[in-house]
$ cat coords.cif   # mmCIF, C-alpha atoms and all ligand atoms
data_coords
loop_
_atom_site.label_atom_id
_atom_site.label_comp_id
_atom_site.auth_asym_id
_atom_site.auth_seq_id
_atom_site.Cartn_x
_atom_site.Cartn_y
_atom_site.Cartn_z
CA MET A 7 -4.47 -24.79 14.84
CA ARG A 8 -2.89 -21.53 15.97
CA GLU A 9 -5.18 -19.55 13.67
CA LEU A 10 -8.13 -20.77 15.74
CA ILE A 11 -6.66 -19.02 18.78
CA PRO A 12 -7.41 -15.31 19.20
CA SER A 13 -4.30 -13.17 19.52
CA HIS A 14 -5.51 -11.25 22.56
CA ARG A 15 -6.79 -14.04 24.81
CA PRO A 16 -6.65 -17.80 25.25
CA ALA A 17 -8.93 -19.89 23.09
CA LEU A 18 -12.13 -20.90 24.87
CA VAL A 19 -13.22 -24.45 24.24
CA LEU A 20 -16.33 -26.44 25.14
CA ALA A 21 -15.38 -29.80 26.63
CA PRO A 22 -16.60 -33.06 25.18
CA MET A 23 -19.23 -34.45 27.54
CA GLN A 24 -21.12 -37.66 26.98
CA ASP A 25 -24.86 -37.13 26.85
CA VAL A 26 -24.34 -33.35 26.94
CA THR A 27 -22.15 -32.04 24.11
CA GLN A 28 -24.70 -32.94 21.48
CA LEU A 29 -26.66 -30.79 19.06
CA PRO A 30 -29.45 -29.73 21.50
CA PHE A 31 -27.04 -28.46 24.14
CA ILE A 32 -24.85 -26.74 21.56
CA LYS A 33 -27.89 -24.94 20.10
CA VAL A 34 -28.99 -23.78 23.54
CA LEU A 35 -25.48 -22.73 24.52
CA ALA A 36 -25.04 -20.83 21.26
CA LYS A 37 -27.92 -18.50 22.20
CA ARG A 38 -26.00 -17.48 25.31
CA SER A 39 -22.32 -17.68 24.54
CA LEU A 40 -20.01 -19.57 22.24
CA PRO A 41 -16.61 -21.13 22.63
CA ASP A 42 -13.99 -20.71 19.88
CA TRP A 43 -14.46 -24.37 19.08
CA PHE A 44 -16.06 -27.40 20.58
CA VAL A 45 -15.37 -31.11 20.75
CA THR A 46 -18.09 -33.74 20.33
CA GLU A 47 -18.59 -36.38 22.94
CA TYR A 48 -16.70 -39.49 21.94
CA PHE A 49 -17.56 -41.76 19.06
CA ARG A 50 -17.00 -45.33 20.26
CA VAL A 51 -14.69 -47.10 17.85
CA HIS A 52 -14.19 -50.86 17.59
CA PRO A 53 -14.06 -53.41 14.75
CA ASP A 54 -17.85 -53.40 14.30
CA SER A 55 -18.52 -49.75 15.06
CA LYS A 56 -20.42 -47.37 12.83
CA LEU A 57 -20.45 -43.62 13.39
CA ASN A 58 -23.29 -42.82 15.76
CA LYS A 59 -25.88 -40.88 13.73
CA HIS A 60 -27.20 -39.04 16.74
CA LEU A 61 -23.73 -37.75 17.63
CA LEU A 62 -23.02 -36.83 14.01
CA ARG A 63 -25.79 -34.23 14.16
CA ALA A 64 -23.50 -32.01 16.26
CA ILE A 65 -21.32 -31.88 13.14
CA THR A 66 -23.76 -31.98 10.25
CA GLU A 67 -26.26 -29.56 11.79
CA ASN A 68 -23.72 -27.28 13.43
CA GLU A 69 -24.98 -23.78 12.72
CA THR A 70 -22.82 -22.03 15.27
CA ASN A 71 -20.18 -20.98 12.80
CA ARG A 72 -17.61 -22.41 15.20
CA PRO A 73 -15.39 -25.35 14.31
CA VAL A 74 -16.06 -28.74 15.77
CA PHE A 75 -13.57 -31.51 16.49
CA ALA A 76 -14.83 -35.09 16.49
CA GLN A 77 -13.59 -37.13 19.40
CA MET A 78 -12.94 -40.87 19.12
CA ILE A 79 -12.38 -43.45 21.83
CA GLY A 80 -11.02 -46.94 21.26
CA ASP A 81 -7.89 -49.07 21.28
CA ASP A 82 -8.07 -50.97 18.00
CA LEU A 83 -5.76 -49.19 15.59
CA PRO A 84 -7.25 -50.34 12.25
CA SER A 85 -10.72 -49.37 13.51
CA LEU A 86 -9.52 -45.97 14.72
CA ILE A 87 -7.88 -45.29 11.35
CA ARG A 88 -11.07 -46.36 9.57
CA ALA A 89 -13.28 -44.19 11.80
CA ALA A 90 -10.97 -41.19 11.39
CA GLY A 91 -11.31 -41.60 7.62
CA GLU A 92 -15.10 -41.81 7.89
CA LEU A 93 -15.24 -38.74 10.10
CA ALA A 94 -13.10 -36.81 7.63
CA ASP A 95 -16.03 -37.00 5.18
CA TYR A 96 -17.92 -34.66 7.51
CA PRO A 97 -17.23 -30.95 8.05
CA ILE A 98 -14.94 -31.32 11.05
CA GLU A 99 -11.98 -29.22 12.05
CA GLY A 100 -10.04 -32.26 13.18
CA ILE A 101 -9.98 -35.51 15.08
CA ASP A 102 -9.43 -35.71 18.82
CA LEU A 103 -8.46 -38.89 20.65
CA ASN A 104 -9.79 -39.54 24.14
CA LEU A 105 -7.04 -40.57 26.56
CA GLY A 106 -8.89 -39.67 29.70
CA CYS A 107 -12.19 -41.48 30.18
CA PRO A 108 -12.05 -43.10 33.62
CA ALA A 109 -15.10 -45.40 33.25
CA PRO A 110 -13.95 -48.86 34.40
CA ILE A 111 -15.63 -50.57 31.43
CA VAL A 112 -13.65 -48.32 29.05
CA CYS A 113 -10.33 -48.63 30.91
CA ARG A 114 -10.62 -52.43 31.14
CA LYS A 115 -10.62 -52.47 27.35
CA ASN A 116 -7.47 -50.32 27.41
CA ALA A 117 -9.30 -47.46 25.75
CA GLY A 118 -9.69 -43.87 27.03
CA GLY A 119 -7.65 -43.36 30.19
CA GLY A 120 -6.76 -47.06 30.13
CA LEU A 121 -4.35 -46.41 27.26
CA LEU A 122 -2.15 -44.33 29.56
CA ARG A 123 -1.12 -47.52 31.40
CA ASP A 124 0.88 -48.74 28.42
CA PRO A 125 3.11 -45.94 27.10
CA GLU A 126 4.78 -48.11 24.43
CA ARG A 127 1.46 -49.11 22.96
CA LEU A 128 0.23 -45.55 23.23
CA LYS A 129 3.24 -44.30 21.30
CA HIS A 130 2.68 -46.86 18.57
CA LEU A 131 -0.99 -46.00 18.31
CA LEU A 132 -0.48 -42.23 18.24
CA THR A 133 2.34 -42.47 15.70
CA ALA A 134 0.21 -44.59 13.38
CA LEU A 135 -2.83 -42.36 13.80
CA ARG A 136 -0.79 -39.25 13.12
CA ALA A 137 0.49 -40.81 9.91
CA ALA A 138 -3.03 -41.79 8.88
CA ILE A 139 -4.80 -38.50 9.65
CA PRO A 140 -3.96 -35.85 7.06
CA GLY A 141 -5.94 -33.13 8.86
CA ARG A 142 -5.72 -31.87 12.40
CA PHE A 143 -5.11 -34.45 15.07
CA THR A 144 -5.38 -33.56 18.74
CA VAL A 145 -5.32 -35.52 21.97
CA LYS A 146 -7.19 -35.03 25.23
CA THR A 147 -5.27 -36.62 28.06
CA ARG A 148 -5.04 -36.92 31.80
CA LEU A 149 -1.77 -36.74 33.77
CA GLY A 150 -1.42 -40.47 34.03
CA PHE A 151 -3.42 -43.47 35.12
CA ALA A 152 -2.53 -43.77 38.81
CA GLU A 153 0.11 -41.10 39.51
CA SER A 154 0.74 -37.63 38.14
CA GLY A 155 4.44 -38.63 38.07
CA GLU A 156 3.59 -40.64 34.93
CA PHE A 157 3.07 -37.38 33.09
CA SER A 158 6.69 -36.59 32.17
CA ALA A 159 7.04 -39.86 30.22
CA LEU A 160 3.70 -39.27 28.51
CA LEU A 161 4.76 -35.77 27.61
CA GLU A 162 7.88 -37.14 25.93
CA ILE A 163 5.65 -39.33 23.78
CA PHE A 164 3.28 -36.47 22.94
CA GLN A 165 6.22 -34.25 21.98
CA GLY A 166 7.40 -36.65 19.31
CA ILE A 167 4.08 -37.27 17.61
CA GLY A 168 3.47 -34.00 15.79
CA LEU A 169 0.11 -33.33 17.39
CA ASP A 170 -1.86 -30.25 16.43
CA GLY A 171 -3.10 -29.70 19.95
CA LEU A 172 -2.95 -31.23 23.41
CA THR A 173 -5.72 -30.78 25.96
CA ILE A 174 -4.85 -31.71 29.52
CA HIS A 175 -7.45 -32.55 32.13
CA ALA A 176 -4.92 -32.10 34.89
CA ARG A 177 -5.86 -35.07 37.05
CA THR A 178 -4.99 -38.75 36.88
CA VAL A 179 -7.57 -41.25 35.69
CA LYS A 180 -7.84 -42.56 39.25
CA GLN A 181 -8.73 -39.10 40.53
CA GLY A 182 -11.91 -39.03 38.45
CA TYR A 183 -13.46 -35.58 38.56
CA GLN A 184 -12.65 -34.66 42.15
CA GLY A 185 -10.17 -32.36 43.83
CA ALA A 186 -7.63 -29.81 42.69
CA VAL A 187 -6.01 -29.87 39.25
CA ALA A 188 -2.20 -29.97 38.95
CA THR A 189 -1.52 -26.69 37.17
CA ASP A 190 2.26 -27.20 37.41
CA ARG A 191 1.95 -30.19 35.07
CA VAL A 192 0.05 -28.12 32.50
CA ARG A 193 2.71 -25.46 32.76
CA GLU A 194 5.37 -28.11 32.18
CA ALA A 195 3.54 -29.17 29.00
CA VAL A 196 3.19 -25.57 27.80
CA GLY A 197 6.96 -25.25 28.18
CA VAL A 198 7.87 -28.22 26.02
CA MET A 199 5.09 -28.85 23.50
CA ASP A 200 5.34 -27.35 20.02
CA CYS A 201 1.56 -27.35 19.62
CA PRO A 202 -1.02 -25.33 21.56
CA VAL A 203 -1.86 -26.73 25.00
CA VAL A 204 -5.39 -26.39 26.32
CA ALA A 205 -5.86 -26.46 30.10
CA ASN A 206 -8.90 -28.25 31.48
CA GLY A 207 -10.49 -29.03 34.80
CA ASN A 208 -12.30 -26.94 37.41
CA ILE A 209 -12.89 -23.74 35.44
CA VAL A 210 -16.24 -22.64 36.80
CA ASP A 211 -16.17 -18.89 36.22
CA VAL A 212 -14.04 -15.97 35.07
CA THR A 213 -11.82 -15.93 38.16
CA THR A 214 -10.94 -19.63 38.02
CA GLY A 215 -10.40 -19.39 34.24
CA ARG A 216 -8.09 -16.42 34.55
CA ALA A 217 -6.21 -18.06 37.41
CA TYR A 218 -5.71 -21.30 35.45
CA HIS A 219 -4.38 -19.27 32.53
CA ALA A 220 -2.07 -17.19 34.71
CA LEU A 221 -0.67 -20.31 36.39
CA THR A 222 -0.01 -22.21 33.16
CA GLY A 223 0.26 -19.85 30.18
CA ALA A 224 -1.94 -22.32 28.28
CA ALA A 225 -3.05 -21.35 24.77
CA GLY A 226 -6.59 -22.39 25.54
CA LEU A 227 -9.05 -23.04 28.36
CA MET A 228 -11.55 -25.86 28.11
CA VAL A 229 -14.74 -25.71 30.18
CA GLY A 230 -17.06 -28.64 30.80
CA ARG A 231 -19.33 -28.82 33.82
CA GLY A 232 -18.96 -25.08 34.39
CA ALA A 233 -20.58 -24.47 30.99
CA ILE A 234 -23.56 -26.70 31.80
CA ARG A 235 -24.08 -24.78 35.01
CA ASN A 236 -23.42 -21.41 33.41
CA PRO A 237 -23.90 -21.29 29.62
CA TRP A 238 -22.87 -17.62 29.64
CA VAL A 239 -19.37 -18.53 30.78
CA PHE A 240 -17.66 -18.23 27.38
CA ALA A 241 -18.95 -14.68 26.85
CA GLN A 242 -17.98 -13.82 30.42
CA LEU A 243 -14.48 -15.19 29.94
CA ALA A 244 -14.04 -13.42 26.60
CA ALA A 245 -15.26 -10.16 28.15
CA ALA A 246 -12.73 -10.54 30.96
CA TRP A 247 -9.92 -10.31 28.39
CA GLU A 248 -11.62 -7.97 25.97
CA GLY A 249 -12.78 -5.52 28.58
CA GLY A 250 -16.49 -5.74 27.71
CA PRO A 251 -19.24 -5.59 30.33
CA GLN A 252 -19.77 -8.69 32.46
CA ASN A 253 -23.20 -10.18 31.95
CA ILE A 254 -24.53 -11.35 35.33
CA PRO A 255 -27.38 -13.76 34.67
CA THR A 256 -30.43 -13.92 36.89
CA HIS A 257 -32.41 -16.87 38.16
CA ARG A 258 -35.05 -16.11 35.52
CA ASN A 259 -32.37 -16.27 32.79
CA LEU A 260 -31.54 -19.72 34.13
CA LEU A 261 -35.19 -20.74 34.02
CA VAL A 262 -35.38 -19.75 30.34
CA TYR A 263 -32.16 -21.73 29.71
CA ILE A 264 -33.74 -24.82 31.27
CA GLU A 265 -36.90 -24.26 29.19
CA ASP A 266 -34.80 -24.05 26.01
CA LEU A 267 -32.86 -27.17 26.90
CA TYR A 268 -36.05 -29.07 27.69
CA ALA A 269 -37.53 -28.10 24.32
CA GLU A 270 -34.41 -28.87 22.27
CA LEU A 271 -33.85 -32.21 23.94
CA ALA A 272 -37.52 -33.08 23.49
CA ALA A 273 -37.36 -32.16 19.80
CA SER A 274 -34.34 -34.40 19.27
CA ALA A 275 -35.67 -37.38 21.25
CA GLU A 276 -36.34 -40.43 19.10
CA ARG A 277 -39.41 -41.31 21.15
CA PHE A 278 -40.66 -38.60 23.45
CA CYS A 279 -42.10 -39.80 26.74
CA PRO A 280 -42.98 -36.95 29.14
CA ASN A 281 -41.92 -38.63 32.40
CA GLY A 282 -38.87 -40.21 30.78
CA HIS A 283 -37.93 -36.77 29.52
CA VAL A 284 -38.01 -35.42 33.07
CA GLN A 285 -35.54 -38.13 34.07
CA ARG A 286 -33.37 -37.16 31.09
CA MET A 287 -33.49 -33.49 32.13
CA LYS A 288 -32.62 -34.32 35.73
CA ARG A 289 -29.26 -35.76 34.64
CA THR A 290 -28.26 -32.36 33.26
CA VAL A 291 -30.15 -30.12 35.67
CA GLY A 292 -28.17 -31.63 38.56
CA TYR A 293 -25.21 -29.50 37.42
CA ILE A 294 -27.42 -26.42 37.06
CA SER A 295 -29.39 -26.61 40.30
CA HIS A 296 -26.36 -27.33 42.46
CA GLY A 297 -25.91 -24.54 44.96
CA LEU A 298 -29.26 -22.88 44.30
CA GLY A 299 -30.76 -24.10 47.55
CA VAL A 300 -31.05 -27.52 49.13
CA ASP A 301 -34.83 -27.49 48.69
CA PHE A 302 -34.55 -26.90 44.95
CA GLU A 303 -31.99 -29.68 44.53
CA TYR A 304 -33.97 -32.08 46.70
CA GLU A 305 -37.27 -31.40 44.99
CA ILE A 306 -35.77 -31.74 41.51
CA ARG A 307 -34.20 -35.07 42.44
CA ARG A 308 -37.60 -36.40 43.54
CA CYS A 309 -39.91 -35.03 40.85
CA ARG A 310 -41.36 -37.35 38.24
CA THR A 311 -43.71 -35.54 35.89
CA PRO A 312 -43.28 -32.46 33.68
CA ASP A 313 -45.89 -30.60 35.79
CA GLU A 314 -43.91 -31.28 38.96
CA PHE A 315 -40.64 -30.40 37.24
CA TRP A 316 -41.89 -27.02 36.00
CA ALA A 317 -43.67 -26.16 39.25
CA ILE A 318 -40.38 -26.66 41.12
CA CYS A 319 -38.29 -24.78 38.56
CA ARG A 320 -40.70 -21.83 38.56
CA ALA A 321 -41.02 -21.72 42.33
CA HIS A 322 -37.25 -21.44 42.74
CA LEU A 323 -36.09 -19.62 39.63
CA ASP A 324 -38.78 -17.22 38.49
CA HIS A 325 -37.21 -14.08 39.95
CA ASP A 326 -34.58 -11.51 39.11
CA GLY A 327 -32.05 -12.35 41.81
CA PRO A 328 -28.51 -12.69 40.39
CA LEU A 329 -27.07 -16.18 40.18
CA PRO A 330 -24.16 -17.07 42.43
CA VAL A 331 -20.94 -16.69 40.47
CA ARG A 332 -19.46 -20.02 41.57
CA PRO A 333 -21.03 -23.28 42.70
CA PRO A 334 -20.44 -24.54 46.23
CA GLU A 335 -17.34 -26.66 46.51
CA ASP A 336 -18.74 -29.43 48.61
CA SER A 337 -19.98 -32.15 46.31
CA GLY A 338 -18.94 -34.67 43.70
CA LEU A 339 -20.18 -32.31 41.00
CA PHE A 340 -17.76 -29.47 41.59
CA SER A 341 -14.75 -29.74 43.86
CA GLY A 342 -11.23 -28.42 44.20
CA PHE A 343 -11.61 -25.25 42.15
CA THR A 344 -10.67 -22.89 44.99
CA ALA A 345 -7.15 -24.35 44.80
CA LEU A 346 -6.85 -22.44 41.51
CA LEU A 347 -7.37 -19.27 43.53
CA GLY A 348 -4.71 -20.22 46.05
CA GLY A 349 -7.37 -21.50 48.45
C1 LIG B 401 -21.03 -35.78 32.08
C2 LIG B 401 -19.62 -35.78 31.58
C3 LIG B 401 -19.32 -36.44 30.41
C4 LIG B 401 -18.01 -36.43 29.90
N1 LIG B 401 -17.74 -37.03 28.69
C5 LIG B 401 -16.50 -36.90 28.14
C6 LIG B 401 -16.22 -37.36 26.80
O1 LIG B 401 -17.09 -37.87 26.08
N2 LIG B 401 -14.95 -37.19 26.35
C7 LIG B 401 -13.95 -36.60 27.10
O2 LIG B 401 -12.81 -36.46 26.64
N3 LIG B 401 -14.21 -36.15 28.33
C8 LIG B 401 -15.44 -36.26 28.85
N4 LIG B 401 -15.70 -35.72 30.09
C9 LIG B 401 -14.64 -34.97 30.79
C10 LIG B 401 -14.71 -33.48 30.43
O3 LIG B 401 -14.47 -33.25 29.07
C11 LIG B 401 -13.67 -32.68 31.26
O4 LIG B 401 -12.38 -33.15 30.96
C12 LIG B 401 -13.89 -32.80 32.76
O5 LIG B 401 -15.27 -32.69 33.10
C13 LIG B 401 -13.10 -31.73 33.53
O6 LIG B 401 -13.47 -30.44 33.09
P1 LIG B 401 -14.53 -29.51 33.88
O7 LIG B 401 -14.04 -29.38 35.30
O8 LIG B 401 -14.51 -28.21 33.13
O9 LIG B 401 -15.84 -30.20 33.83
C14 LIG B 401 -16.98 -35.76 30.62
C15 LIG B 401 -17.30 -35.11 31.81
C16 LIG B 401 -18.59 -35.10 32.29
C17 LIG B 401 -18.90 -34.36 33.56
#
$ encode --input "coords.cif" --output "structure tokens" --more "lines below"
Ligand SMILES: Cc1cc2nc3c(=O)[nH]c(=O)nc-3n(C[C@H](O)[C@H](O)[C@H](O)COP(=O)(O)O)c2cc1C
Amino acid sequence: MRELIPSHRPALVLAPMQDVTQLPFIKVLAKRSLPDWFVTEYFRVHPDSKLNKHLLRAITENETNRPVFAQMIGDDLPSLIRAAGELADYPIEGIDLNLGCPAPIVCRKNAGGGLLRDPERLKHLLTALRAAIPGRFTVKTRLGFAESGEFSALLEIFQGIGLDGLTIHARTVKQGYQGAVATDRVREAVGVMDCPVVANGNIVDVTTGRAYHALTGAAGLMVGRGAIRNPWVFAQLAAAWEGGPQNIPTHRNLLVYIEDLYAELAASAERFCPNGHVQRMKRTVGYISHGLGVDFEYEIRRCRTPDEFWAICRAHLDHDGPLPVRPPEDSGLFSGFTALLGG
């Protein structure tokens, strides 16, 4: 794992994101900037599960030259071992286990973040998976289910497993995606884990990324929503350590990014329906349009047809004005990142 991490800066990692971290987004991102590795959105694993063909494309058609980890979610040990074996037939760098998904339907089944409620069972599951996975095995966790105080006990479990990497989304499951991240907990993990620790949550630009790294000493930084909003972020972060020029994208650059995403998602759609595709785009464009003017956000939310969608995008984005570096911190989409800056 350590050989994936550059010697002069933390590793930069694209977060797994359901409905986002799939082949079309990865292709579009790759034209703008690349992480050192990325993690697929999760493969659902249960006794009847088969590997989702659509998700597999991020692995089988990965032309980025960057390694990809396949993430699994589930709570049934024999099924997880089977799925890990099936995934190993594909060109993956390793297997990642999701211990963070807060969706109630997932947690009720004691999968994702729900597994954090039962440390004994978690330990059993991780130990067995570690023994069954000959390649790299990493975990993406939260700080606990209800309280960040649960983290020390979880950390003790993680320490004994022989993981190849530990990514920490430094919130509890109950906190969802809102508010500040607990950098002290990540720092605690960096101090005791033998494997590389990747810090995650609220990195939206170079300043927040550098601050998270300075506060934790993490071996890697994982970016999720910030990379949807700003697909140049990995190059910007790398340049911050490497001393290269900072690329400041313009609104028109963003328009071309949206055009690329529209085309790639359309090309990968099983059945393309123009108005349905606009709805599909709106789910992702919400992260991109946020903070670019209330009119833009409002109009995008209401539009229905491709003609309307493009008229709105062009009216608001077809100019050379520089994009704001950070999103506003006043919504459910991005919140709490100024705490990383001491704010
Ligand atoms: C739309 C969306 C989908 C997500 N899907 C997954 C997933 O499949 N697996 C996972 O481990 N985390 C998932 N996450 C959580 C992210 O990987 C990440 O931990 C979280 O968004 C915090 O990082 P960020 O502030 O950089 O976005 C998802 C987050 C979002 C916003």
$ residues_near_point --input "coords.cif" --point "(-29.4, -35.6, 39.3)" --cutoff "10 Å" --atoms "all atoms listed in the file" --output "PyMOL selection string"
chain A and resi 285-296+303-304+306-308+339
$ write_last_selection --input "coords.cif" --atoms "C-alpha atoms" --output "CSV table (one decimal), in the frame of the given file"
chain,number,residue,atom,x,y,z
A,285,GLN,CA,-35.5,-38.1,34.1
A,286,ARG,CA,-33.4,-37.2,31.1
A,287,MET,CA,-33.5,-33.5,32.1
A,288,LYS,CA,-32.6,-34.3,35.7
A,289,ARG,CA,-29.3,-35.8,34.6
A,290,THR,CA,-28.3,-32.4,33.3
A,291,VAL,CA,-30.2,-30.1,35.7
A,292,GLY,CA,-28.2,-31.6,38.6
A,293,TYR,CA,-25.2,-29.5,37.4
A,294,ILE,CA,-27.4,-26.4,37.1
A,295,SER,CA,-29.4,-26.6,40.3
A,296,HIS,CA,-26.4,-27.3,42.5
A,303,GLU,CA,-32.0,-29.7,44.5
A,304,TYR,CA,-34.0,-32.1,46.7
A,306,ILE,CA,-35.8,-31.7,41.5
A,307,ARG,CA,-34.2,-35.1,42.4
A,308,ARG,CA,-37.6,-36.4,43.5
A,339,LEU,CA,-20.2,-32.3,41.0
$ residues_around --input "coords.cif" --residues "Phe340 of chain A" --least-positions-apart "5" --cutoff "9 Å" --atoms "only C-alpha atoms" --output "list in words"
Tyr183, Gln184, Gly185, Asn208, Val210, Arg231, Gly232, Tyr293, His296, Pro333, Pro334 and Glu335 of chain A
$ residues_around --input "coords.cif" --residues "Leu169 of chain A" --least-positions-apart "5" --cutoff "7 Å" --atoms "all atoms listed in the file" --output "ChimeraX atom specification"
/A:143-144,201
$ residues_around --input "coords.cif" --residues "Thr173 of chain A" --least-positions-apart "5" --cutoff "8 Å" --atoms "all atoms listed in the file" --output "number ranges by chain"
A: 144-147, 203-206, 228
$ closest_atom_pairs --input "coords.cif" --of "chain A" --to "ligand LIG 401 (chain B)" --cutoff "9 Å" --atoms "only C-alpha atoms and all ligand atoms" --output "Markdown table"
| residue | atom | partner | partner_atom | distance |
| --- | --- | --- | --- | --- |
| A:Leu20 | CA | B:LIG401 | O3 | 8.1 |
| A:Ala21 | CA | B:LIG401 | O3 | 4.3 |
| A:Pro22 | CA | B:LIG401 | O3 | 4.4 |
| A:Met23 | CA | B:LIG401 | N1 | 3.2 |
| A:Gln24 | CA | B:LIG401 | N1 | 3.8 |
| A:Asp25 | CA | B:LIG401 | C3 | 6.6 |
| A:Val26 | CA | B:LIG401 | C1 | 6.6 |
| A:Thr27 | CA | B:LIG401 | O1 | 8.0 |
| A:Val45 | CA | B:LIG401 | N2 | 8.3 |
| A:Thr46 | CA | B:LIG401 | O1 | 7.1 |
| A:Glu47 | CA | B:LIG401 | O1 | 3.8 |
| A:Tyr48 | CA | B:LIG401 | O1 | 4.5 |
| A:Phe49 | CA | B:LIG401 | O1 | 8.0 |
| A:Gln77 | CA | B:LIG401 | N2 | 7.1 |
| A:Met78 | CA | B:LIG401 | N2 | 8.4 |
| A:Ile79 | CA | B:LIG401 | N2 | 8.1 |
| A:Asp102 | CA | B:LIG401 | O2 | 8.6 |
| A:Leu103 | CA | B:LIG401 | O2 | 7.8 |
| A:Asn104 | CA | B:LIG401 | O2 | 5.0 |
| A:Leu105 | CA | B:LIG401 | O2 | 7.1 |
| A:Gly106 | CA | B:LIG401 | O2 | 5.9 |
| A:Cys107 | CA | B:LIG401 | N3 | 6.0 |
| A:Pro108 | CA | B:LIG401 | N4 | 9.0 |
| A:Gly118 | CA | B:LIG401 | O2 | 8.0 |
| A:Val145 | CA | B:LIG401 | O2 | 8.9 |
| A:Lys146 | CA | B:LIG401 | O2 | 6.0 |
| A:Thr147 | CA | B:LIG401 | O2 | 7.7 |
| A:Arg148 | CA | B:LIG401 | O4 | 8.3 |
| A:Thr173 | CA | B:LIG401 | O4 | 8.7 |
| A:Ile174 | CA | B:LIG401 | O4 | 7.8 |
| A:His175 | CA | B:LIG401 | O4 | 5.1 |
| A:Ala176 | CA | B:LIG401 | C13 | 8.3 |
| A:Arg177 | CA | B:LIG401 | C13 | 8.7 |
| A:Gly182 | CA | B:LIG401 | C12 | 8.7 |
| A:Tyr183 | CA | B:LIG401 | C13 | 6.3 |
| A:Gln184 | CA | B:LIG401 | O7 | 8.8 |
| A:Val187 | CA | B:LIG401 | O7 | 9.0 |
| A:Asn206 | CA | B:LIG401 | O6 | 5.3 |
| A:Gly207 | CA | B:LIG401 | O7 | 3.6 |
| A:Asn208 | CA | B:LIG401 | O7 | 3.7 |
| A:Ile209 | CA | B:LIG401 | O8 | 5.3 |
| A:Val210 | CA | B:LIG401 | O8 | 6.9 |
| A:Leu227 | CA | B:LIG401 | O8 | 8.9 |
| A:Met228 | CA | B:LIG401 | O8 | 6.3 |
| A:Val229 | CA | B:LIG401 | O8 | 3.9 |
| A:Gly230 | CA | B:LIG401 | O8 | 3.5 |
| A:Arg231 | CA | B:LIG401 | O9 | 3.8 |
| A:Gly232 | CA | B:LIG401 | O8 | 5.6 |
| A:Ala233 | CA | B:LIG401 | O8 | 7.4 |
| A:Ile234 | CA | B:LIG401 | O9 | 8.7 |
| A:Arg289 | CA | B:LIG401 | C1 | 8.6 |
| A:Thr290 | CA | B:LIG401 | C1 | 8.1 |
| A:Tyr293 | CA | B:LIG401 | C17 | 8.9 |
| A:Leu339 | CA | B:LIG401 | C17 | 7.8 |
| A:Phe340 | CA | B:LIG401 | O7 | 7.3 |
| A:Ser341 | CA | B:LIG401 | O7 | 8.6 |
| A:Phe343 | CA | B:LIG401 | O7 | 8.4 |
$ residues_around --input "coords.cif" --residues "His60 of chain A" --least-positions-apart "6" --cutoff "10 Å" --atoms "all atoms listed in the file" --output "VMD selection string"
chain A and resid 28 to 29 274 to 276
$ closest_residue --input "coords.cif" --among "A:Val179, A:Asp170, A:Pro41, A:Ala159" --to "Gly120 of chain A" --atoms "only C-alpha atoms"
A:Val179
$ residues_near_point --input "coords.cif" --point "(-13.6, -39.8, 9.8)" --cutoff "10 Å" --atoms "only C-alpha atoms" --output "list in words"
Leu57, Ala76, Gln77, Met78, Leu86, Ile87, Arg88, Ala89, Ala90, Gly91, Glu92, Leu93, Ala94, Asp95, Tyr96, Pro97, Ile98, Gly100, Ile101 and Ile139 of chain A
$ write_last_selection --input "coords.cif" --atoms "C-alpha atoms" --output "mmCIF file, in the frame of the given file"
data_model
loop_
_atom_site.group_PDB
_atom_site.id
_atom_site.type_symbol
_atom_site.label_atom_id
_atom_site.label_comp_id
_atom_site.auth_asym_id
_atom_site.auth_seq_id
_atom_site.Cartn_x
_atom_site.Cartn_y
_atom_site.Cartn_z
ATOM 1 C CA LEU A 57 -20.450 -43.620 13.390
ATOM 2 C CA ALA A 76 -14.830 -35.090 16.490
ATOM 3 C CA GLN A 77 -13.590 -37.130 19.400
ATOM 4 C CA MET A 78 -12.940 -40.870 19.120
ATOM 5 C CA LEU A 86 -9.520 -45.970 14.720
ATOM 6 C CA ILE A 87 -7.880 -45.290 11.350
ATOM 7 C CA ARG A 88 -11.070 -46.360 9.570
ATOM 8 C CA ALA A 89 -13.280 -44.190 11.800
ATOM 9 C CA ALA A 90 -10.970 -41.190 11.390
ATOM 10 C CA GLY A 91 -11.310 -41.600 7.620
ATOM 11 C CA GLU A 92 -15.100 -41.810 7.890
ATOM 12 C CA LEU A 93 -15.240 -38.740 10.100
ATOM 13 C CA ALA A 94 -13.100 -36.810 7.630
ATOM 14 C CA ASP A 95 -16.030 -37.000 5.180
ATOM 15 C CA TYR A 96 -17.920 -34.660 7.510
ATOM 16 C CA PRO A 97 -17.230 -30.950 8.050
ATOM 17 C CA ILE A 98 -14.940 -31.320 11.050
ATOM 18 C CA GLY A 100 -10.040 -32.260 13.180
ATOM 19 C CA ILE A 101 -9.980 -35.510 15.080
ATOM 20 C CA ILE A 139 -4.800 -38.500 9.650
#
$ atom_distance --input "coords.cif" --atom1 "atom CA of Ala244 of chain A" --atom2 "atom CA of Arg216 of chain A"
10.4 Å
$ closest_residue --input "coords.cif" --among "A:Leu161, A:Ile264, A:Cys279, A:Leu243" --to "Asp42 of chain A" --atoms "all atoms listed in the file"
A:Leu243
$ atom_distance --input "coords.cif" --atom1 "atom CA of Gly223 of chain A" --atom2 "atom CA of Phe75 of chain A"
22.7 Å
$ closest_residue --input "coords.cif" --among "A:Arg8, A:Arg332, A:Lys56, A:Arg50" --to "Val212 of chain A" --atoms "all atoms listed in the file"
A:Arg332
$ closest_residue --input "coords.cif" --among "A:Pro30, A:Gly168, A:Gly150, A:Pro73" --to "Arg123 of chain A" --atoms "only C-alpha atoms"
A:Gly150
